[in-house]
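What's in start_3.json: JSON, C-alpha atoms
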[["chain", "number", "residue", "atom", "x", "y", "z"],
["A", 767, "GLN", "CA", 0.00, 0.00, 0.00],
["A", 768, "ILE", "CA", 1.20, 3.49, -0.85],
["A", 769, "PRO", "CA", 1.75, 5.53, 2.36],
["A", 770, "TYR", "CA", 0.11, 8.92, 2.89],
["A", 771, "TYR", "CA", 2.84, 11.41, 3.75],
["A", 772, "SER", "CA", 1.18, 14.45, 5.28],
["A", 773, "CYS", "CA", 1.82, 18.06, 6.20],
["A", 774, "ALA", "CA", -0.60, 20.50, 7.79],
["A", 775, "GLY", "CA", -2.39, 23.47, 6.28],
["A", 776, "ASN", "CA", -4.21, 26.39, 7.78],
["A", 777, "HIS", "CA", -7.47, 24.49, 8.28],
["A", 778, "ASP", "CA", -5.65, 21.71, 10.13],
["A", 779, "HIS", "CA", -4.32, 24.33, 12.51],
["A", 780, "TYR", "CA", -7.82, 25.56, 13.28],
["A", 781, "GLY", "CA", -8.10, 22.42, 15.40],
["A", 782, "ASP", "CA", -5.48, 20.59, 17.46],
["A", 783, "VAL", "CA", -3.22, 19.47, 14.65],
["A", 784, "THR", "CA", -1.07, 17.45, 17.07],
["A", 785, "LYS", "CA", -3.84, 14.82, 17.13],
["A", 786, "GLN", "CA", -3.06, 14.08, 13.48],
["A", 787, "VAL", "CA", 0.59, 13.62, 14.40],
["A", 788, "ASP", "CA", -0.35, 11.32, 17.29],
["A", 789, "TYR", "CA", -2.44, 9.17, 14.97],
["A", 790, "THR", "CA", 0.71, 8.07, 13.15],
["A", 791, "GLU", "CA", 1.96, 6.08, 16.15],
["A", 792, "TYR", "CA", -1.54, 4.78, 16.86],
["A", 793, "SER", "CA", -1.84, 3.55, 13.27],
["A", 794, "ARG", "CA", 1.56, 1.88, 13.37],
["A", 795, "HIS", "CA", 0.71, 0.10, 16.62],
["A", 796, "LYS", "CA", -2.69, -1.03, 15.37],
["A", 797, "ALA", "CA", -1.13, -2.50, 12.23],
["A", 798, "LYS", "CA", 1.16, -4.62, 14.42],
["A", 799, "THR", "CA", -1.70, -5.97, 16.52],
["A", 800, "ASN", "CA", -4.40, -6.27, 13.85],
["A", 801, "SER", "CA", -3.45, -8.12, 10.66],
["A", 802, "SER", "CA", -6.46, -6.74, 8.78],
["A", 803, "PHE", "CA", -5.46, -3.11, 9.45],
["A", 804, "VAL", "CA", -3.15, -1.41, 6.93],
["A", 805, "HIS", "CA", -0.92, 1.39, 8.19],
["A", 806, "ARG", "CA", -0.69, 4.21, 5.64],
["A", 807, "TRP", "CA", -0.79, 7.47, 7.63],
["A", 808, "GLU", "CA", 2.70, 8.98, 7.94],
["A", 809, "PHE", "CA", 2.71, 12.29, 9.78],
["A", 810, "PRO", "CA", 5.40, 11.77, 12.44],
["A", 811, "ASP", "CA", 5.94, 15.45, 13.18],
["A", 812, "LEU", "CA", 4.75, 18.85, 12.03],
["A", 813, "TYR", "CA", 7.76, 18.96, 9.74],
["A", 814, "HIS", "CA", 9.68, 15.89, 8.65],
["A", 815, "LYS", "CA", 11.80, 14.30, 5.92],
["A", 816, "GLN", "CA", 11.10, 11.05, 4.08],
["A", 817, "THR", "CA", 13.59, 9.26, 1.84],
["A", 818, "VAL", "CA", 12.63, 6.92, -0.99],
["A", 819, "GLN", "CA", 15.36, 4.57, -2.21],
["A", 820, "ARG", "CA", 14.95, 2.42, -5.33],
["A", 821, "GLY", "CA", 18.24, 0.81, -6.30],
["A", 822, "ASP", "CA", 20.70, 3.63, -6.99],
["A", 823, "LEU", "CA", 17.92, 6.22, -7.15],
["A", 824, "THR", "CA", 17.26, 8.40, -4.10],
["A", 825, "ILE", "CA", 14.51, 10.97, -3.56],
["A", 826, "ASP", "CA", 14.31, 13.14, -0.45],
["A", 827, "MET", "CA", 10.88, 14.57, 0.33],
["A", 828, "VAL", "CA", 10.86, 17.37, 2.89],
["A", 829, "PHE", "CA", 7.46, 18.19, 4.39],
["A", 830, "ILE", "CA", 7.21, 21.62, 5.96],
["A", 831, "ASP", "CA", 4.59, 23.48, 7.99],
["A", 832, "THR", "CA", 4.00, 26.78, 6.24],
["A", 833, "VAL", "CA", 1.74, 28.02, 9.04],
["A", 834, "ILE", "CA", 4.66, 27.78, 11.46],
["A", 835, "LEU", "CA", 7.07, 29.25, 8.89],
["A", 836, "GLU", "CA", 4.72, 32.21, 8.68],
["A", 837, "ASP", "CA", 5.26, 32.64, 12.45],
["A", 838, "ALA", "CA", 1.50, 32.47, 12.88],
["A", 839, "TYR", "CA", 1.77, 31.26, 16.46],
["A", 840, "GLN", "CA", 3.68, 34.35, 17.47],
["A", 841, "LYS", "CA", 0.84, 36.63, 16.38],
["A", 842, "PRO", "CA", -1.44, 37.98, 19.14],
["A", 843, "GLY", "CA", -5.05, 36.86, 19.25],
["A", 844, "LEU", "CA", -4.49, 33.48, 17.63],
["A", 845, "GLU", "CA", -5.40, 31.59, 20.80],
["A", 846, "LYS", "CA", -9.02, 32.66, 20.28],
["A", 847, "TRP", "CA", -9.49, 30.42, 17.24],
["A", 848, "VAL", "CA", -6.81, 27.69, 17.40],
["A", 849, "TRP", "CA", -7.53, 24.82, 19.78],
["A", 850, "GLY", "CA", -3.94, 23.63, 19.99],
["A", 851, "PHE", "CA", -2.47, 27.07, 20.61],
["A", 852, "SER", "CA", -1.12, 26.27, 24.09],
["A", 853, "LYS", "CA", 0.93, 23.37, 22.67],
["A", 854, "LEU", "CA", 2.01, 25.02, 19.46],
["A", 855, "LYS", "CA", 2.93, 28.52, 20.57],
["A", 856, "LEU", "CA", 6.43, 27.26, 21.28],
["A", 857, "MET", "CA", 6.82, 26.24, 17.63],
["A", 858, "ASP", "CA", 8.44, 29.36, 16.25],
["A", 859, "GLY", "CA", 9.31, 29.95, 12.64],
["A", 860, "VAL", "CA", 13.01, 30.61, 13.32],
["A", 861, "THR", "CA", 13.57, 27.06, 14.57],
["A", 862, "HIS", "CA", 11.72, 25.62, 11.60],
["A", 863, "TRP", "CA", 13.68, 27.71, 9.07],
["A", 864, "LYS", "CA", 16.98, 26.53, 10.60],
["A", 865, "TRP", "CA", 15.85, 22.91, 10.44],
["A", 866, "LEU", "CA", 14.76, 23.33, 6.84],
["A", 867, "GLU", "CA", 18.03, 24.77, 5.58],
["A", 868, "THR", "CA", 20.07, 22.15, 7.45],
["A", 869, "THR", "CA", 17.91, 19.38, 6.00],
["A", 870, "LEU", "CA", 18.25, 20.70, 2.44],
["A", 871, "GLN", "CA", 21.97, 21.30, 2.85],
["A", 872, "GLU", "CA", 22.62, 17.75, 4.07],
["A", 873, "SER", "CA", 20.66, 16.06, 1.28],
["A", 874, "THR", "CA", 22.67, 14.19, -1.34],
["A", 875, "ALA", "CA", 19.58, 12.75, -3.06],
["A", 876, "ASP", "CA", 19.18, 12.68, -6.83],
["A", 877, "TYR", "CA", 15.94, 14.64, -6.47],
["A", 878, "LEU", "CA", 14.94, 16.93, -3.64],
["A", 879, "LEU", "CA", 11.28, 17.82, -3.20],
["A", 880, "VAL", "CA", 9.77, 20.19, -0.63],
["A", 881, "ALA", "CA", 6.05, 20.06, 0.10],
["A", 882, "GLY", "CA", 4.00, 22.58, 2.06],
["A", 883, "HIS", "CA", 0.46, 23.90, 2.13],
["A", 884, "TYR", "CA", 0.90, 27.56, 1.18],
["A", 885, "PRO", "CA", 2.28, 28.14, -2.32],
["A", 886, "VAL", "CA", 5.29, 30.33, -3.00],
["A", 887, "PHE", "CA", 3.76, 31.72, -6.18],
["A", 888, "SER", "CA", 0.08, 31.71, -7.09],
["A", 889, "GLN", "CA", -2.26, 33.63, -9.34],
["A", 890, "GLY", "CA", -5.30, 32.05, -7.70],
["A", 891, "SER", "CA", -7.67, 33.36, -5.06],
["A", 892, "HIS", "CA", -5.12, 33.65, -2.26],
["A", 893, "GLY", "CA", -2.16, 34.78, -4.30],
["A", 894, "PRO", "CA", 1.53, 34.33, -3.41],
["A", 895, "THR", "CA", 2.94, 33.85, 0.08],
["A", 896, "LEU", "CA", 5.39, 36.73, 0.38],
["A", 897, "ASN", "CA", 7.32, 35.25, 3.28],
["A", 898, "LEU", "CA", 7.98, 32.13, 1.20],
["A", 899, "VAL", "CA", 8.91, 34.21, -1.86],
["A", 900, "ASP", "CA", 11.53, 36.01, 0.22],
["A", 901, "ASN", "CA", 12.84, 33.09, 2.26],
["A", 902, "LEU", "CA", 11.96, 29.73, 0.70],
["A", 903, "ARG", "CA", 12.63, 30.53, -2.94],
["A", 904, "PRO", "CA", 16.36, 31.24, -2.34],
["A", 905, "LEU", "CA", 16.73, 27.92, -0.51],
["A", 906, "LEU", "CA", 15.08, 25.99, -3.33],
["A", 907, "ASP", "CA", 17.40, 27.58, -5.87],
["A", 908, "LYS", "CA", 20.45, 27.13, -3.67],
["A", 909, "TYR", "CA", 19.94, 23.42, -3.05],
["A", 910, "GLY", "CA", 18.34, 22.31, -6.31],
["A", 911, "ALA", "CA", 14.92, 21.57, -4.81],
["A", 912, "HIS", "CA", 11.40, 21.76, -6.23],
["A", 913, "TYR", "CA", 8.24, 22.80, -4.40],
["A", 914, "LEU", "CA", 4.74, 21.31, -4.19],
["A", 915, "ALA", "CA", 1.83, 23.17, -2.60],
["A", 916, "GLY", "CA", -1.93, 23.50, -2.45],
["A", 917, "HIS", "CA", -4.13, 26.08, -0.65],
["A", 918, "ASP", "CA", -5.54, 27.60, -3.83],
["A", 919, "HIS", "CA", -8.10, 25.18, -5.29],
["A", 920, "ALA", "CA", -6.58, 25.20, -8.75],
["A", 921, "MET", "CA", -3.59, 23.76, -10.62],
["A", 922, "MET", "CA", -0.57, 25.78, -11.65],
["A", 923, "HIS", "CA", 2.95, 25.14, -12.88],
["A", 924, "PHE", "CA", 5.59, 27.83, -12.49],
["A", 925, "THR", "CA", 9.23, 27.34, -13.40],
["A", 926, "THR", "CA", 12.28, 29.55, -13.35],
["A", 927, "SER", "CA", 13.81, 30.61, -16.64],
["A", 928, "GLY", "CA", 17.36, 31.33, -17.67],
["A", 929, "THR", "CA", 18.96, 28.69, -15.43],
["A", 930, "THR", "CA", 20.74, 25.44, -16.27],
["A", 931, "SER", "CA", 18.30, 23.54, -14.09],
["A", 932, "ALA", "CA", 14.96, 25.23, -13.49],
["A", 933, "THR", "CA", 13.21, 25.29, -10.13],
["A", 934, "ASN", "CA", 9.64, 24.03, -10.46],
["A", 935, "TYR", "CA", 6.72, 25.32, -8.39],
["A", 936, "ILE", "CA", 3.86, 22.84, -8.54],
["A", 937, "VAL", "CA", 0.49, 23.95, -7.20],
["A", 938, "THR", "CA", -2.01, 21.10, -7.00],
["A", 939, "GLY", "CA", -4.97, 22.17, -4.90],
["A", 940, "ALA", "CA", -7.87, 20.75, -6.91],
["A", 941, "GLY", "CA", -8.21, 17.42, -5.13],
["A", 942, "ASN", "CA", -11.71, 18.22, -3.91],
["A", 943, "SER", "CA", -13.05, 20.27, -6.81],
["A", 944, "CYS", "CA", -11.97, 22.37, -9.78],
["A", 945, "CYS", "CA", -11.35, 25.19, -9.74],
["A", 946, "SER", "CA", -11.02, 28.57, -8.06],
["A", 947, "TRP", "CA", -10.75, 31.84, -10.00],
["A", 948, "ARG", "CA", -7.59, 33.30, -11.43],
["A", 949, "ARG", "CA", -7.25, 36.78, -9.96],
["A", 950, "SER", "CA", -6.15, 39.47, -12.39],
["A", 951, "ARG", "CA", -4.40, 41.47, -9.66],
["A", 952, "HIS", "CA", -2.24, 38.46, -8.75],
["A", 953, "LYS", "CA", -1.53, 37.75, -12.42],
["A", 954, "LYS", "CA", -0.43, 41.33, -13.09],
["A", 955, "SER", "CA", 1.61, 41.52, -9.90],
["A", 956, "HIS", "CA", 3.39, 38.26, -10.67],
["A", 957, "GLU", "CA", 4.20, 39.21, -14.25],
["A", 958, "ARG", "CA", 5.50, 42.58, -13.08],
["A", 959, "ASN", "CA", 7.56, 41.37, -10.12],
["A", 960, "HIS", "CA", 8.64, 37.86, -11.16],
["A", 961, "PRO", "CA", 9.07, 37.70, -14.94],
["A", 962, "ASP", "CA", 11.82, 35.12, -14.38],
["A", 963, "VAL", "CA", 9.28, 32.65, -12.93],
["A", 964, "PRO", "CA", 6.62, 32.41, -15.62],
["A", 965, "LEU", "CA", 3.36, 30.50, -15.23],
["A", 966, "LYS", "CA", 3.81, 27.67, -17.74],
["A", 967, "TRP", "CA", 0.39, 26.05, -17.36],
["A", 968, "HIS", "CA", -2.76, 26.52, -15.31],
["A", 969, "MET", "CA", -6.24, 25.23, -14.65],
["A", 970, "PHE", "CA", -8.54, 27.85, -13.13],
["A", 971, "TYR", "CA", -12.29, 28.33, -13.18],
["A", 972, "GLN", "CA", -11.92, 30.38, -16.34],
["A", 973, "ASP", "CA", -10.17, 27.42, -18.04],
["A", 974, "ASN", "CA", -12.90, 25.01, -16.98],
["A", 975, "PHE", "CA", -16.07, 26.96, -17.69],
["A", 976, "LYS", "CA", -17.83, 23.88, -19.06],
["A", 977, "GLY", "CA", -17.07, 21.97, -15.87],
["A", 978, "SER", "CA", -15.46, 19.04, -17.64],
["A", 979, "VAL", "CA", -12.65, 18.82, -15.07],
["A", 980, "LYS", "CA", -14.11, 17.86, -11.68],
["A", 981, "GLY", "CA", -10.81, 17.82, -9.83],
["A", 982, "GLY", "CA", -7.20, 16.87, -10.33],
["A", 983, "PHE", "CA", -3.90, 15.65, -8.97],
["A", 984, "VAL", "CA", -0.20, 15.42, -9.81],
["A", 985, "SER", "CA", 1.91, 12.31, -10.30],
["A", 986, "MET", "CA", 5.67, 11.89, -10.64],
["A", 987, "GLN", "CA", 7.81, 9.31, -12.42],
["A", 988, "ALA", "CA", 11.48, 9.23, -11.44],
["A", 989, "THR", "CA", 14.48, 7.52, -13.01],
["A", 990, "LEU", "CA", 18.21, 8.13, -12.79],
["A", 991, "ASP", "CA", 17.87, 10.18, -15.99],
["A", 992, "ASP", "CA", 15.04, 12.53, -15.09],
["A", 993, "LEU", "CA", 11.91, 13.20, -13.05],
["A", 994, "ARG", "CA", 8.60, 13.61, -14.91],
["A", 995, "VAL", "CA", 5.75, 15.65, -13.43],
["A", 996, "LEU", "CA", 2.25, 15.12, -14.83],
["A", 997, "TYR", "CA", -0.96, 16.95, -14.03],
["A", 998, "HIS", "CA", -4.12, 14.82, -14.25],
["A", 999, "ASP", "CA", -7.86, 15.40, -14.18],
["A", 1000, "HIS", "CA", -10.27, 13.49, -11.91],
["A", 1001, "ASP", "CA", -10.20, 10.45, -14.24],
["A", 1002, "GLY", "CA", -6.43, 10.35, -14.48],
["A", 1003, "GLU", "CA", -6.24, 11.85, -17.95],
["A", 1004, "VAL", "CA", -3.06, 13.87, -18.45],
["A", 1005, "LEU", "CA", -3.69, 17.60, -18.71],
["A", 1006, "HIS", "CA", -0.11, 18.85, -18.67],
["A", 1007, "LYS", "CA", 3.41, 17.43, -18.77],
["A", 1008, "ALA", "CA", 6.21, 19.50, -17.26],
["A", 1009, "ASP", "CA", 9.61, 19.52, -18.89],
["A", 1010, "PRO", "CA", 11.80, 16.70, -17.52],
["A", 1011, "ILE", "CA", 13.64, 17.61, -14.33],
["A", 1012, "LEU", "CA", 17.30, 16.62, -14.31],
["A", 1013, "PRO", "CA", 18.97, 15.06, -11.26],
["A", 1014, "ARG", "CA", 20.62, 17.58, -8.97],
["A", 1015, "LYS", "CA", 24.09, 16.32, -9.91],
["A", 1016, "GLN", "CA", 23.68, 17.27, -13.57],
["A", 1017, "GLY", "CA", 24.50, 20.95, -13.99],
["A", 1018, "SER", "CA", 22.20, 22.40, -11.33],
["A", 1019, "ILE", "CA", 22.75, 25.47, -9.21],
["A", 1020, "TRP", "CA", 23.07, 23.06, -6.29],
["A", 1021, "GLN", "CA", 25.96, 21.28, -8.00],
["A", 1022, "ASP", "CA", 27.82, 24.58, -8.36],
["A", 1023, "HIS", "CA", 27.16, 25.27, -4.68],
["A", 1024, "GLN", "CA", 28.39, 21.78, -3.76],
["A", 1025, "SER", "CA", 31.63, 22.33, -5.67],
["A", 1026, "VAL", "CA", 32.32, 25.46, -3.65],
["A", 1027, "ARG", "CA", 31.58, 23.60, -0.40],
["A", 1028, "ASP", "CA", 33.89, 20.72, -1.41],
["A", 1029, "GLU", "CA", 36.70, 23.17, -2.16],
["A", 1030, "GLU", "CA", 36.18, 24.85, 1.21],
["A", 1031, "ASP", "CA", 36.35, 21.44, 2.94],
["A", 1032, "VAL", "CA", 39.66, 20.68, 1.20],
["A", 1033, "ASP", "CA", 41.11, 24.02, 2.27]]
Would you mind writing the file's structure down as structure tokens?
Amino acid sequence: QIPYYSCAGNHDHYGDVTKQVDYTEYSRHKAKTNSSFVHRWEFPDLYHKQTVQRGDLTIDMVFIDTVILEDAYQKPGLEKWVWGFSKLKLMDGVTHWKWLETTLQESTADYLLVAGHYPVFSQGSHGPTLNLVDNLRPLLDKYGAHYLAGHDHAMMHFTTSGTTSATNYIVTGAGNSCCSWRRSRHKKSHERNHPDVPLKWHMFYQDNFKGSVKGGFVSMQATLDDLRVLYHDHDGEVLHKADPILPRKQGSIWQDHQSVRDEEDVD
């Protein structure tokens, strides 16, 4: 059975999100004591790393909590609407950011994926997350990582231009329904401020006015040669294929950064 690797979003934090974390251990224990129960829920902490190894191929998946990275629990008044506030107020964004950069820096995987709820870039209802634009984007570029997000109930594919190995921003938030509106103010702002990260493909309400797409999801196919990202509709039909993503060791920004680090270690 394919495991469900999870990370929390803003609606999860409206309740006591730690209960979802606790369920991971409960599920593992139940699977050991009940042969008919299948353990699939993997949410061991509010932010965590999972590694997939298939022969010589390695993929690191880093799951982050964008609510914590936004320092939401340091903002006054939050305790009025978040049940788990008393437990989570100690989870500050600074600690999470340090953990994230260390985790990315230490990865030697062929492919490095980061997944969080809030998108970095979006032209949907909610728009971009400015804190992530300022702080997460440089880390993705630096370490050759790619980002998956939701929040906006639409599908979008952004990718950097003018680099030897583009950074991909995959927004796949149409699992329940398709789709929310594309907002002209977010479109204009993005095109004005981030022309180097064009929106390559999208599925908004305006693209689906006949309602033929009921929802959607993203799949990935990885080999030692490349990683393929495909956007699907509710029936699994392919709507969009991203350009192949090369392994981090083949001419990426991360590889240049690694070379500098290796030289520093020799010195």
TODO: Report the distance between CA of Glu872 (chain A) and CA of Leu823 (chain A) in Å, rounded to one decimal place.
DONE: 16.8 Å
Task: For CA of Thr790 (chain A) and CA of Trp863 (chain A), the interatomic separation in Å (one decimal) - done: 23.9 Å
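Taking CA of Val937 (chain A) as the reference point, CA of Gln871 (chain A) is found at 23.9 Å.
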Near Asp1009 (chain A), within 9 Å and counting all atoms listed in the file, which residues show up once chain neighbours fewer than 6 positions away are dropped, as an mmCIF file with C-alpha atoms, keeping the file's coordinate frame?
data_model
loop_
_atom_site.group_PDB
_atom_site.id
_atom_site.type_symbol
_atom_site.label_atom_id
_atom_site.label_comp_id
_atom_site.auth_asym_id
_atom_site.auth_seq_id
_atom_site.Cartn_x
_atom_site.Cartn_y
_atom_site.Cartn_z
ATOM 1 C CA LEU A 993 11.910 13.200 -13.050
ATOM 2 C CA ARG A 994 8.600 13.610 -14.910
ATOM 3 C CA VAL A 995 5.750 15.650 -13.430
#
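Of the listed residues A:His952, A:His805, A:Lys864, A:Lys980, the one whose atoms come nearest to His919 (chain A) is A:Lys980, with distances taken using all atoms listed in the file.
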Padding 5 Å on each side, edges along x, y and z: where is the centre of the box around the listed atoms of region 962-969 of chain A, and how long are its edges in Å to one decimal? Output it as lines of an AutoDock Vina configuration file.
center_x = 2.8
center_y = 30.2
center_z = -15.3
size_x = 28.1
size_y = 19.9
size_z = 14.8
- [ ] Name all residues at most 10 Å from Gly977 (chain A) (count only C-alpha atoms; drop same-chain ones fewer than 5 positions away) and give them as an MDAnalysis selection string.
- [x] chainID A and resid 944:945 971:972
Please produce an output containing C-alpha atoms for each residue in the selection, written as a short mmCIF file (atom, residue, chain, number, x, y, z; two decimals), in the coordinates of the input.
data_model
loop_
_atom_site.label_atom_id
_atom_site.label_comp_id
_atom_site.auth_asym_id
_atom_site.auth_seq_id
_atom_site.Cartn_x
_atom_site.Cartn_y
_atom_site.Cartn_z
CA CYS A 944 -11.97 22.37 -9.78
CA CYS A 945 -11.35 25.19 -9.74
CA TYR A 971 -12.29 28.33 -13.18
CA GLN A 972 -11.92 30.38 -16.34
#
Open item on the list: I need the residue nearest Val860 (chain A) from this list: A:Leu835, A:Ala875, A:Met986, A:Ala940. Use only C-alpha atoms for the distance.
Closed with: A:Leu835
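If only C-alpha atoms are the atoms counted, then among A:Lys976, A:Arg794, A:His862, A:His960 the closest residue to His814 (chain A) is A:His862.
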